[in-house]
>>> print(open('model_17.cif').read())   # mmCIF, C-alpha atoms
data_model
loop_
_atom_site.group_PDB
_atom_site.id
_atom_site.type_symbol
_atom_site.label_atom_id
_atom_site.label_comp_id
_atom_site.auth_asym_id
_atom_site.auth_seq_id
_atom_site.Cartn_x
_atom_site.Cartn_y
_atom_site.Cartn_z
ATOM 1 C CA MET A 1032 0.328 16.924 -3.650
ATOM 2 C CA ASN A 1033 0.463 13.266 -2.716
ATOM 3 C CA CYS A 1034 3.232 12.593 -0.225
ATOM 4 C CA GLU A 1035 2.279 8.996 0.401
ATOM 5 C CA ALA A 1036 5.266 6.762 -0.228
ATOM 6 C CA ILE A 1037 4.580 3.851 -2.508
ATOM 7 C CA ILE A 1038 6.172 0.662 -1.270
ATOM 8 C CA PRO A 1039 7.737 -1.331 -4.127
ATOM 9 C CA TRP A 1040 5.525 -4.319 -4.868
ATOM 10 C CA LEU A 1041 8.171 -6.887 -3.912
ATOM 11 C CA ASP A 1042 8.666 -5.179 -0.548
ATOM 12 C CA VAL A 1043 4.958 -5.392 0.248
ATOM 13 C CA ILE A 1044 5.275 -9.155 0.529
ATOM 14 C CA ARG A 1045 5.969 -10.580 3.961
ATOM 15 C CA TRP A 1046 8.668 -13.095 3.153
ATOM 16 C CA THR A 1047 9.409 -15.943 5.558
ATOM 17 C CA ASP A 1048 12.656 -15.980 7.520
ATOM 18 C CA GLU A 1049 14.064 -18.012 4.620
ATOM 19 C CA GLY A 1050 12.990 -15.305 2.165
ATOM 20 C CA LEU A 1051 10.165 -17.351 0.654
ATOM 21 C CA VAL A 1052 6.444 -17.031 0.030
ATOM 22 C CA PRO A 1053 3.991 -19.883 -0.623
ATOM 23 C CA VAL A 1054 2.403 -19.760 -4.072
ATOM 24 C CA ILE A 1055 -0.815 -21.512 -5.049
ATOM 25 C CA ALA A 1056 -1.230 -22.278 -8.753
ATOM 26 C CA GLN A 1057 -4.804 -22.524 -9.978
ATOM 27 C CA ASP A 1058 -5.839 -23.502 -13.499
ATOM 28 C CA ALA A 1059 -7.299 -20.365 -15.062
ATOM 29 C CA ASN A 1060 -9.738 -22.368 -17.177
ATOM 30 C CA SER A 1061 -10.963 -25.218 -14.977
ATOM 31 C CA GLY A 1062 -10.507 -23.488 -11.621
ATOM 32 C CA LYS A 1063 -8.758 -26.582 -10.267
ATOM 33 C CA VAL A 1064 -6.048 -25.982 -7.693
ATOM 34 C CA LEU A 1065 -2.978 -27.536 -9.295
ATOM 35 C CA MET A 1066 -0.175 -27.273 -6.753
ATOM 36 C CA LEU A 1067 1.529 -25.241 -4.070
ATOM 37 C CA ALA A 1068 5.177 -24.280 -4.391
ATOM 38 C CA TRP A 1069 7.476 -21.550 -3.084
ATOM 39 C CA MET A 1070 9.063 -18.470 -4.564
ATOM 40 C CA ASN A 1071 11.832 -16.217 -3.415
ATOM 41 C CA ARG A 1072 12.213 -12.597 -4.422
ATOM 42 C CA GLN A 1073 14.198 -13.355 -7.557
ATOM 43 C CA SER A 1074 11.880 -16.120 -8.764
ATOM 44 C CA LEU A 1075 8.803 -13.947 -8.338
ATOM 45 C CA GLN A 1076 10.432 -11.102 -10.240
ATOM 46 C CA LEU A 1077 11.424 -13.519 -13.013
ATOM 47 C CA SER A 1078 7.900 -14.960 -13.072
ATOM 48 C CA VAL A 1079 6.498 -11.512 -13.728
ATOM 49 C CA GLU A 1080 9.141 -10.627 -16.311
ATOM 50 C CA GLU A 1081 8.843 -13.926 -18.181
ATOM 51 C CA GLY A 1082 5.095 -14.431 -17.765
ATOM 52 C CA ARG A 1083 5.622 -17.989 -16.559
ATOM 53 C CA ALA A 1084 5.887 -19.551 -13.120
ATOM 54 C CA VAL A 1085 9.455 -19.650 -11.815
ATOM 55 C CA TYR A 1086 9.586 -21.249 -8.390
ATOM 56 C CA TRP A 1087 12.329 -21.716 -5.841
ATOM 57 C CA SER A 1088 13.007 -25.393 -5.312
ATOM 58 C CA ARG A 1089 13.586 -25.866 -1.604
ATOM 59 C CA SER A 1090 14.912 -29.413 -2.090
ATOM 60 C CA ARG A 1091 17.311 -28.535 -4.899
ATOM 61 C CA LYS A 1092 18.015 -25.025 -3.597
ATOM 62 C CA ARG A 1093 17.827 -23.419 -7.014
ATOM 63 C CA LEU A 1094 15.476 -21.598 -9.337
ATOM 64 C CA TRP A 1095 12.962 -23.942 -10.941
ATOM 65 C CA ARG A 1096 11.393 -22.760 -14.160
ATOM 66 C CA LYS A 1097 8.260 -24.891 -13.999
ATOM 67 C CA GLY A 1098 8.271 -27.061 -17.114
ATOM 68 C CA GLU A 1099 11.994 -26.657 -17.826
ATOM 69 C CA GLU A 1100 12.346 -30.442 -18.209
ATOM 70 C CA SER A 1101 8.786 -31.640 -18.713
ATOM 71 C CA GLY A 1102 7.588 -28.853 -20.980
ATOM 72 C CA HIS A 1103 4.698 -28.403 -18.556
ATOM 73 C CA VAL A 1104 5.121 -24.650 -18.366
ATOM 74 C CA GLN A 1105 2.639 -22.520 -16.423
ATOM 75 C CA LYS A 1106 1.781 -19.320 -18.278
ATOM 76 C CA ILE A 1107 0.656 -16.681 -15.808
ATOM 77 C CA LYS A 1108 -2.728 -15.019 -16.341
ATOM 78 C CA ASP A 1109 -3.239 -13.315 -12.998
ATOM 79 C CA ILE A 1110 -1.292 -12.719 -9.774
ATOM 80 C CA ARG A 1111 -3.000 -12.143 -6.443
ATOM 81 C CA LEU A 1112 -1.752 -11.442 -2.928
ATOM 82 C CA ASP A 1113 -3.702 -12.229 0.213
ATOM 83 C CA CYS A 1114 -4.819 -9.915 3.026
ATOM 84 C CA ASP A 1115 -1.756 -10.667 5.164
ATOM 85 C CA ASN A 1116 0.621 -10.144 2.242
ATOM 86 C CA ASP A 1117 2.150 -13.568 2.788
ATOM 87 C CA VAL A 1118 0.489 -15.887 0.246
ATOM 88 C CA ILE A 1119 0.348 -15.584 -3.547
ATOM 89 C CA LEU A 1120 -2.284 -17.043 -5.860
ATOM 90 C CA LEU A 1121 -1.504 -17.517 -9.544
ATOM 91 C CA ALA A 1122 -4.063 -18.174 -12.253
ATOM 92 C CA VAL A 1123 -2.185 -20.133 -14.904
ATOM 93 C CA GLU A 1124 -2.573 -21.777 -18.250
ATOM 94 C CA GLN A 1125 -1.101 -25.235 -17.684
ATOM 95 C CA LEU A 1126 0.680 -26.332 -20.838
ATOM 96 C CA GLY A 1127 0.373 -30.061 -21.514
ATOM 97 C CA GLY A 1128 -2.513 -30.281 -19.053
ATOM 98 C CA ILE A 1129 -0.254 -31.813 -16.412
ATOM 99 C CA ALA A 1130 1.031 -29.932 -13.363
ATOM 100 C CA CYS A 1131 2.355 -32.784 -11.229
ATOM 101 C CA HIS A 1132 5.687 -34.577 -11.602
ATOM 102 C CA THR A 1133 3.791 -37.847 -10.991
ATOM 103 C CA GLY A 1134 1.950 -37.369 -14.278
ATOM 104 C CA HIS A 1135 -1.355 -36.486 -12.651
ATOM 105 C CA GLU A 1136 -3.218 -33.412 -13.874
ATOM 106 C CA ARG A 1137 -2.526 -31.833 -10.506
ATOM 107 C CA CYS A 1138 -0.824 -32.618 -7.227
ATOM 108 C CA PHE A 1139 -3.998 -32.988 -5.148
ATOM 109 C CA TYR A 1140 -5.031 -36.467 -6.269
ATOM 110 C CA GLN A 1141 -5.155 -38.079 -2.802
ATOM 111 C CA GLN A 1142 -8.564 -37.881 -1.133
ATOM 112 C CA LEU A 1143 -9.294 -38.650 2.515
ATOM 113 C CA LYS A 1144 -11.798 -41.508 2.638
ATOM 114 C CA GLU A 1145 -12.597 -43.261 5.901
ATOM 115 C CA LYS A 1146 -9.280 -42.290 7.459
ATOM 116 C CA GLN A 1147 -7.170 -43.284 4.490
ATOM 117 C CA TRP A 1148 -5.634 -41.314 1.650
ATOM 118 C CA VAL A 1149 -6.861 -42.778 -1.623
ATOM 119 C CA ASP A 1150 -5.634 -41.911 -5.121
ATOM 120 C CA VAL A 1151 -8.778 -40.763 -6.914
ATOM 121 C CA GLU A 1152 -7.346 -39.177 -10.050
ATOM 122 C CA SER A 1153 -5.556 -40.887 -12.934
ATOM 123 C CA VAL A 1154 -1.995 -40.652 -14.141
ATOM 124 C CA LEU A 1155 -2.301 -38.964 -17.525
ATOM 125 C CA LYS A 1156 1.265 -39.675 -18.562
ATOM 126 C CA GLU A 1157 3.880 -41.889 -16.962
ATOM 127 C CA PRO A 1158 6.775 -39.916 -15.453
ATOM 128 C CA VAL A 1159 9.253 -41.977 -17.470
ATOM 129 C CA ASP A 1160 7.580 -40.659 -20.609
ATOM 130 C CA ILE A 1161 7.585 -37.098 -19.304
ATOM 131 C CA TYR A 1162 11.204 -36.833 -18.211
ATOM 132 C CA ASN A 1163 13.214 -39.295 -20.300
ATOM 133 C CA LYS A 1164 12.691 -37.900 -23.731
ATOM 134 C CA MET B 1270 -1.579 -62.668 3.280
ATOM 135 C CA ASN B 1271 -1.089 -58.920 3.121
ATOM 136 C CA CYS B 1272 1.756 -57.860 5.374
ATOM 137 C CA GLU B 1273 1.841 -54.260 4.211
ATOM 138 C CA ALA B 1274 1.534 -51.941 7.167
ATOM 139 C CA ILE B 1275 -1.001 -49.186 6.768
ATOM 140 C CA ILE B 1276 0.340 -45.871 7.961
ATOM 141 C CA PRO B 1277 -2.249 -43.938 9.980
ATOM 142 C CA TRP B 1278 -3.553 -41.060 7.860
ATOM 143 C CA LEU B 1279 -2.201 -38.358 10.165
ATOM 144 C CA ASP B 1280 1.261 -39.905 10.042
ATOM 145 C CA VAL B 1281 1.295 -39.837 6.243
ATOM 146 C CA ILE B 1282 1.468 -36.055 6.362
ATOM 147 C CA ARG B 1283 4.909 -34.472 6.313
ATOM 148 C CA TRP B 1284 4.546 -31.878 9.022
ATOM 149 C CA THR B 1285 6.925 -28.916 9.187
ATOM 150 C CA ASP B 1286 9.473 -28.663 11.975
ATOM 151 C CA GLU B 1287 6.817 -26.673 13.842
ATOM 152 C CA GLY B 1288 4.329 -29.524 13.372
ATOM 153 C CA LEU B 1289 2.203 -27.664 10.846
ATOM 154 C CA VAL B 1290 0.865 -28.159 7.336
ATOM 155 C CA PRO B 1291 -0.385 -25.440 4.968
ATOM 156 C CA VAL B 1292 -4.063 -25.754 4.090
ATOM 157 C CA ILE B 1293 -5.736 -24.177 1.078
ATOM 158 C CA ALA B 1294 -9.476 -23.565 1.392
ATOM 159 C CA GLN B 1295 -11.394 -23.511 -1.888
ATOM 160 C CA ASP B 1296 -15.080 -22.702 -2.249
ATOM 161 C CA ALA B 1297 -16.772 -25.955 -3.247
ATOM 162 C CA ASN B 1298 -19.396 -24.122 -5.284
ATOM 163 C CA SER B 1299 -17.609 -21.253 -7.020
ATOM 164 C CA GLY B 1300 -14.168 -22.847 -7.166
ATOM 165 C CA LYS B 1301 -12.633 -19.634 -5.841
ATOM 166 C CA VAL B 1302 -9.544 -20.028 -3.677
ATOM 167 C CA LEU B 1303 -10.569 -18.401 -0.416
ATOM 168 C CA MET B 1304 -7.513 -18.455 1.833
ATOM 169 C CA LEU B 1305 -4.468 -20.323 3.055
ATOM 170 C CA ALA B 1306 -4.030 -21.137 6.715
ATOM 171 C CA TRP B 1307 -2.183 -23.704 8.795
ATOM 172 C CA MET B 1308 -3.185 -26.782 10.760
ATOM 173 C CA ASN B 1309 -1.405 -28.876 13.320
ATOM 174 C CA ARG B 1310 -2.171 -32.509 14.016
ATOM 175 C CA GLN B 1311 -4.877 -31.777 16.558
ATOM 176 C CA SER B 1312 -6.624 -29.156 14.448
ATOM 177 C CA LEU B 1313 -6.723 -31.447 11.409
ATOM 178 C CA GLN B 1314 -8.136 -34.271 13.486
ATOM 179 C CA LEU B 1315 -10.777 -31.920 14.922
ATOM 180 C CA SER B 1316 -11.579 -30.632 11.434
ATOM 181 C CA VAL B 1317 -12.360 -34.163 10.309
ATOM 182 C CA GLU B 1318 -14.331 -35.021 13.449
ATOM 183 C CA GLU B 1319 -16.367 -31.807 13.409
ATOM 184 C CA GLY B 1320 -16.709 -31.448 9.641
ATOM 185 C CA ARG B 1321 -15.576 -27.821 9.798
ATOM 186 C CA ALA B 1322 -12.227 -26.134 9.315
ATOM 187 C CA VAL B 1323 -10.252 -25.843 12.542
ATOM 188 C CA TYR B 1324 -6.942 -24.111 11.938
ATOM 189 C CA TRP B 1325 -3.920 -23.448 14.095
ATOM 190 C CA SER B 1326 -3.445 -19.720 14.535
ATOM 191 C CA ARG B 1327 0.292 -19.083 14.368
ATOM 192 C CA SER B 1328 -0.074 -15.512 15.645
ATOM 193 C CA ARG B 1329 -2.323 -16.386 18.569
ATOM 194 C CA LYS B 1330 -0.750 -19.808 19.119
ATOM 195 C CA ARG B 1331 -4.055 -21.547 19.663
ATOM 196 C CA LEU B 1332 -6.741 -23.541 17.875
ATOM 197 C CA TRP B 1333 -8.886 -21.368 15.665
ATOM 198 C CA ARG B 1334 -12.307 -22.732 14.792
ATOM 199 C CA LYS B 1335 -12.855 -20.717 11.618
ATOM 200 C CA GLY B 1336 -16.013 -18.676 12.180
ATOM 201 C CA GLU B 1337 -15.952 -18.944 15.978
ATOM 202 C CA GLU B 1338 -16.433 -15.167 16.278
ATOM 203 C CA SER B 1339 -17.677 -14.145 12.847
ATOM 204 C CA GLY B 1340 -20.008 -17.062 12.204
ATOM 205 C CA HIS B 1341 -18.170 -17.540 8.914
ATOM 206 C CA VAL B 1342 -17.746 -21.258 9.426
ATOM 207 C CA GLN B 1343 -16.228 -23.424 6.689
ATOM 208 C CA LYS B 1344 -18.084 -26.719 6.323
ATOM 209 C CA ILE B 1345 -15.767 -29.317 4.820
ATOM 210 C CA LYS B 1346 -16.895 -31.135 1.683
ATOM 211 C CA ASP B 1347 -13.640 -32.745 0.566
ATOM 212 C CA ILE B 1348 -10.071 -33.151 1.859
ATOM 213 C CA ARG B 1349 -7.111 -33.674 -0.461
ATOM 214 C CA LEU B 1350 -3.399 -34.189 0.085
ATOM 215 C CA ASP B 1351 -0.737 -33.384 -2.484
ATOM 216 C CA CYS B 1352 1.892 -35.625 -4.045
ATOM 217 C CA ASP B 1353 4.560 -34.685 -1.499
ATOM 218 C CA ASN B 1354 2.185 -35.207 1.428
ATOM 219 C CA ASP B 1355 2.870 -31.710 2.695
ATOM 220 C CA VAL B 1356 -0.043 -29.549 1.498
ATOM 221 C CA ILE B 1357 -3.776 -29.996 2.129
ATOM 222 C CA LEU B 1358 -6.617 -28.730 -0.042
ATOM 223 C CA LEU B 1359 -10.094 -28.355 1.431
ATOM 224 C CA ALA B 1360 -13.281 -27.918 -0.551
ATOM 225 C CA VAL B 1361 -15.588 -25.960 1.740
ATOM 226 C CA GLU B 1362 -19.025 -24.456 1.966
ATOM 227 C CA GLN B 1363 -18.313 -20.921 3.169
ATOM 228 C CA LEU B 1364 -21.108 -19.854 5.514
ATOM 229 C CA GLY B 1365 -21.988 -16.174 5.225
ATOM 230 C CA GLY B 1366 -20.167 -15.982 1.896
ATOM 231 C CA ILE B 1367 -17.189 -14.267 3.537
ATOM 232 C CA ALA B 1368 -13.872 -15.979 4.248
ATOM 233 C CA CYS B 1369 -11.641 -12.998 5.014
ATOM 234 C CA HIS B 1370 -11.419 -11.078 8.289
ATOM 235 C CA THR B 1371 -11.340 -7.875 6.218
ATOM 236 C CA GLY B 1372 -14.915 -8.542 5.081
ATOM 237 C CA HIS B 1373 -13.925 -9.515 1.550
ATOM 238 C CA GLU B 1374 -15.365 -12.697 0.074
ATOM 239 C CA ARG B 1375 -11.850 -14.137 0.130
ATOM 240 C CA CYS B 1376 -8.329 -13.158 1.105
ATOM 241 C CA PHE B 1377 -6.950 -12.850 -2.437
ATOM 242 C CA TYR B 1378 -8.390 -9.460 -3.338
ATOM 243 C CA GLN B 1379 -5.099 -7.735 -4.201
ATOM 244 C CA GLN B 1380 -4.130 -8.025 -7.868
ATOM 245 C CA LEU B 1381 -0.733 -7.166 -9.336
ATOM 246 C CA LYS B 1382 -1.223 -4.407 -11.912
ATOM 247 C CA GLU B 1383 1.745 -2.585 -13.411
ATOM 248 C CA LYS B 1384 3.965 -3.366 -10.427
ATOM 249 C CA GLN B 1385 1.414 -2.371 -7.816
ATOM 250 C CA TRP B 1386 -0.982 -4.370 -5.673
ATOM 251 C CA VAL B 1387 -4.484 -3.079 -6.281
ATOM 252 C CA ASP B 1388 -7.638 -4.013 -4.350
ATOM 253 C CA VAL B 1389 -9.961 -5.365 -7.025
ATOM 254 C CA GLU B 1390 -12.685 -6.984 -4.924
ATOM 255 C CA SER B 1391 -15.218 -5.320 -2.670
ATOM 256 C CA VAL B 1392 -15.682 -5.440 1.060
ATOM 257 C CA LEU B 1393 -18.998 -7.253 1.494
ATOM 258 C CA LYS B 1394 -19.337 -6.428 5.170
ATOM 259 C CA GLU B 1395 -17.364 -4.054 7.335
ATOM 260 C CA PRO B 1396 -15.214 -5.844 9.938
ATOM 261 C CA VAL B 1397 -16.804 -3.753 12.702
ATOM 262 C CA ASP B 1398 -20.156 -5.253 11.729
ATOM 263 C CA ILE B 1399 -18.716 -8.765 11.596
ATOM 264 C CA TYR B 1400 -16.937 -8.834 14.933
ATOM 265 C CA ASN B 1401 -18.722 -6.360 17.227
ATOM 266 C CA LYS B 1402 -22.141 -7.884 17.398
#
>>> encode(input="model_17.cif", output="structure tokens")
Amino acid sequence: MNCEAIIPWLDVIRWTDEGLVPVIAQDANSGKVLMLAWMNRQSLQLSVEEGRAVYWSRSRKRLWRKGEESGHVQKIKDIRLDCDNDVILLAVEQLGGIACHTGHERCFYQQLKEKQWVDVESVLKEPVDIYNK
Amino acid sequence: MNCEAIIPWLDVIRWTDEGLVPVIAQDANSGKVLMLAWMNRQSLQLSVEEGRAVYWSRSRKRLWRKGEESGHVQKIKDIRLDCDNDVILLAVEQLGGIACHTGHERCFYQQLKEKQWVDVESVLKEPVDIYNK
């Protein structure tokens, strides 16, 4: 007889005081780290149910179904939790090949070079062409 | 004549109210995401000067030279900043091949499977053998 209580998976997570957890999205094919965003309890549950990344937009204070405007949806392939239960790592298929609202493939396009941040990756699509369709 | 003021690289970063920035460490060779930790201004400056990851330990409230006890130093190969200037991505050479204090290769060893977090990666070295030398 196993009397060990199983903690529901959402309760295992150590949410911040604001009820959030940082989420790293990594491209499942290329291995590139695409972005970091935040989820709350509801958005993580929806992400699992819908199989796509649903973040919590801290600036807009609402659910943000990644790709809802741009079409740049992130289909979830794998969900990991770290040793401290306070960071999530998603492996995703990045539809459209663009994760960043700036039109770059990913958000980490600024590289530190001789004490300056330098853009070292190209804009694949101009934001005006992504959002004003 | 170029009158544009250049903002010092540390001032470009949008630090949290606590003066921190989240930092993702990725293995430069395997592409695996190893961990997420935090840096303050001083620890980021030291990281650049010393060429190794120096984090700010939020629990211990002090500088944490990754590997100072374990020897599992992270040598920095590349430093990136995201589009919002509030997340850093490091490409690192992970000495000892272990990033996590649990003795796993990396912190993201718990995978979500049928609404449970399951350990899916091995402990490479027992913590007692890492820290009590």
>>> resolve_selection(input="model_17.cif", expression="the PyMOL selection byres ((chain A) within 6 of (chain B))", output="PDB file with C-alpha atoms, in the coordinates of the input")
ATOM      1  CA  TRP A1040       5.525  -4.319  -4.868  1.00  0.00           C
ATOM      2  CA  GLY A1062     -10.507 -23.488 -11.621  1.00  0.00           C
ATOM      3  CA  ILE A1110      -1.292 -12.719  -9.774  1.00  0.00           C
ATOM      4  CA  ARG A1111      -3.000 -12.143  -6.443  1.00  0.00           C
ATOM      5  CA  LEU A1112      -1.752 -11.442  -2.928  1.00  0.00           C
ATOM      6  CA  ASP A1113      -3.702 -12.229   0.213  1.00  0.00           C
ATOM      7  CA  CYS A1114      -4.819  -9.915   3.026  1.00  0.00           C
ATOM      8  CA  CYS A1138      -0.824 -32.618  -7.227  1.00  0.00           C
ATOM      9  CA  PHE A1139      -3.998 -32.988  -5.148  1.00  0.00           C
ATOM     10  CA  GLN A1141      -5.155 -38.079  -2.802  1.00  0.00           C
ATOM     11  CA  GLN A1142      -8.564 -37.881  -1.133  1.00  0.00           C
ATOM     12  CA  LEU A1143      -9.294 -38.650   2.515  1.00  0.00           C
ATOM     13  CA  LYS A1146      -9.280 -42.290   7.459  1.00  0.00           C
ATOM     14  CA  GLN A1147      -7.170 -43.284   4.490  1.00  0.00           C
TER      15      GLN A1147
END
>>> atom_distance(input="model_17.cif", atom1="CA of Arg1096 in chain A", atom2="CA of Arg1283 in chain B")
24.5 Å
>>> atom_distance(input="model_17.cif", atom1="CA of Val1361 in chain B", atom2="CA of Glu1124 in chain A")
24.2 Å
>>> atom_distance(input="model_17.cif", atom1="CA of Glu1157 in chain A", atom2="CA of Gln1105 in chain A")
19.4 Å
>>> resolve_selection(input="model_17.cif", expression="the PyMOL selection byres ((chain A and resi 1071-1078) around 8)", output="list of chain:residue names")
A:Leu1041, A:Trp1046, A:Gly1050, A:Leu1051, A:Val1052, A:Trp1069, A:Met1070, A:Val1079, A:Glu1080, A:Glu1081, A:Gly1082, A:Arg1083, A:Ala1084, A:Val1085, A:Tyr1086, A:Trp1087, A:Leu1094, A:Ile1107
>>> decode(input="model_17.cif", residues="range 1319-1338 of chain B", atoms="N, CA, C and O atoms", output="short mmCIF file (atom, residue, chain, number, x, y, z; two decimals), in the first residue's frame")
data_model
loop_
_atom_site.label_atom_id
_atom_site.label_comp_id
_atom_site.auth_asym_id
_atom_site.auth_seq_id
_atom_site.Cartn_x
_atom_site.Cartn_y
_atom_site.Cartn_z
N GLU B 1319 36.09 38.27 -15.34
CA GLU B 1319 36.75 37.00 -15.00
C GLU B 1319 36.50 35.92 -16.04
O GLU B 1319 37.13 34.86 -15.98
N GLY B 1320 35.56 36.16 -16.95
CA GLY B 1320 35.30 35.17 -18.00
C GLY B 1320 34.63 33.91 -17.48
O GLY B 1320 34.65 32.86 -18.11
N ARG B 1321 34.00 34.01 -16.33
CA ARG B 1321 33.27 32.89 -15.73
C ARG B 1321 31.99 33.41 -15.11
O ARG B 1321 31.91 34.58 -14.70
N ALA B 1322 31.00 32.54 -15.01
CA ALA B 1322 29.70 32.98 -14.49
C ALA B 1322 29.80 33.26 -13.00
O ALA B 1322 30.18 32.39 -12.21
N VAL B 1323 29.45 34.48 -12.63
CA VAL B 1323 29.33 34.88 -11.22
C VAL B 1323 27.90 35.34 -11.04
O VAL B 1323 27.48 36.34 -11.61
N TYR B 1324 27.14 34.55 -10.28
CA TYR B 1324 25.73 34.88 -10.07
C TYR B 1324 25.54 35.59 -8.74
O TYR B 1324 26.46 35.71 -7.94
N TRP B 1325 24.31 36.07 -8.55
CA TRP B 1325 23.90 36.59 -7.25
C TRP B 1325 22.97 35.57 -6.63
O TRP B 1325 21.91 35.26 -7.20
N SER B 1326 23.37 35.00 -5.52
CA SER B 1326 22.52 34.01 -4.85
C SER B 1326 21.45 34.75 -4.06
O SER B 1326 21.74 35.45 -3.09
N ARG B 1327 20.19 34.56 -4.48
CA ARG B 1327 19.09 35.25 -3.80
C ARG B 1327 18.84 34.63 -2.43
O ARG B 1327 18.42 35.33 -1.51
N SER B 1328 19.08 33.33 -2.28
CA SER B 1328 18.83 32.69 -0.98
C SER B 1328 19.93 33.06 0.02
O SER B 1328 19.65 33.36 1.18
N ARG B 1329 21.17 33.08 -0.47
CA ARG B 1329 22.27 33.38 0.46
C ARG B 1329 22.63 34.86 0.50
O ARG B 1329 23.46 35.30 1.28
N LYS B 1330 22.02 35.61 -0.42
CA LYS B 1330 22.25 37.06 -0.50
C LYS B 1330 23.73 37.41 -0.57
O LYS B 1330 24.25 38.25 0.19
N ARG B 1331 24.41 36.73 -1.50
CA ARG B 1331 25.82 37.05 -1.71
C ARG B 1331 26.24 36.63 -3.11
O ARG B 1331 25.53 35.88 -3.78
N LEU B 1332 27.39 37.11 -3.55
CA LEU B 1332 27.95 36.69 -4.83
C LEU B 1332 28.20 35.20 -4.80
O LEU B 1332 28.61 34.65 -3.77
N TRP B 1333 27.97 34.56 -5.93
CA TRP B 1333 28.13 33.12 -6.02
C TRP B 1333 28.92 32.84 -7.30
O TRP B 1333 28.38 32.87 -8.38
N ARG B 1334 30.23 32.61 -7.10
CA ARG B 1334 31.07 32.24 -8.23
C ARG B 1334 30.79 30.78 -8.55
O ARG B 1334 31.31 29.88 -7.90
N LYS B 1335 29.96 30.57 -9.55
CA LYS B 1335 29.53 29.21 -9.93
C LYS B 1335 30.75 28.29 -9.98
O LYS B 1335 31.71 28.56 -10.69
N GLY B 1336 30.70 27.22 -9.17
CA GLY B 1336 31.81 26.27 -9.13
C GLY B 1336 32.79 26.52 -8.02
O GLY B 1336 33.77 25.79 -7.87
N GLU B 1337 32.52 27.54 -7.19
CA GLU B 1337 33.48 27.90 -6.13
C GLU B 1337 33.71 26.76 -5.14
O GLU B 1337 34.78 26.62 -4.59
N GLU B 1338 32.66 25.93 -4.93
CA GLU B 1338 32.83 24.77 -4.04
C GLU B 1338 32.98 23.48 -4.82
O GLU B 1338 33.76 22.61 -4.49
#
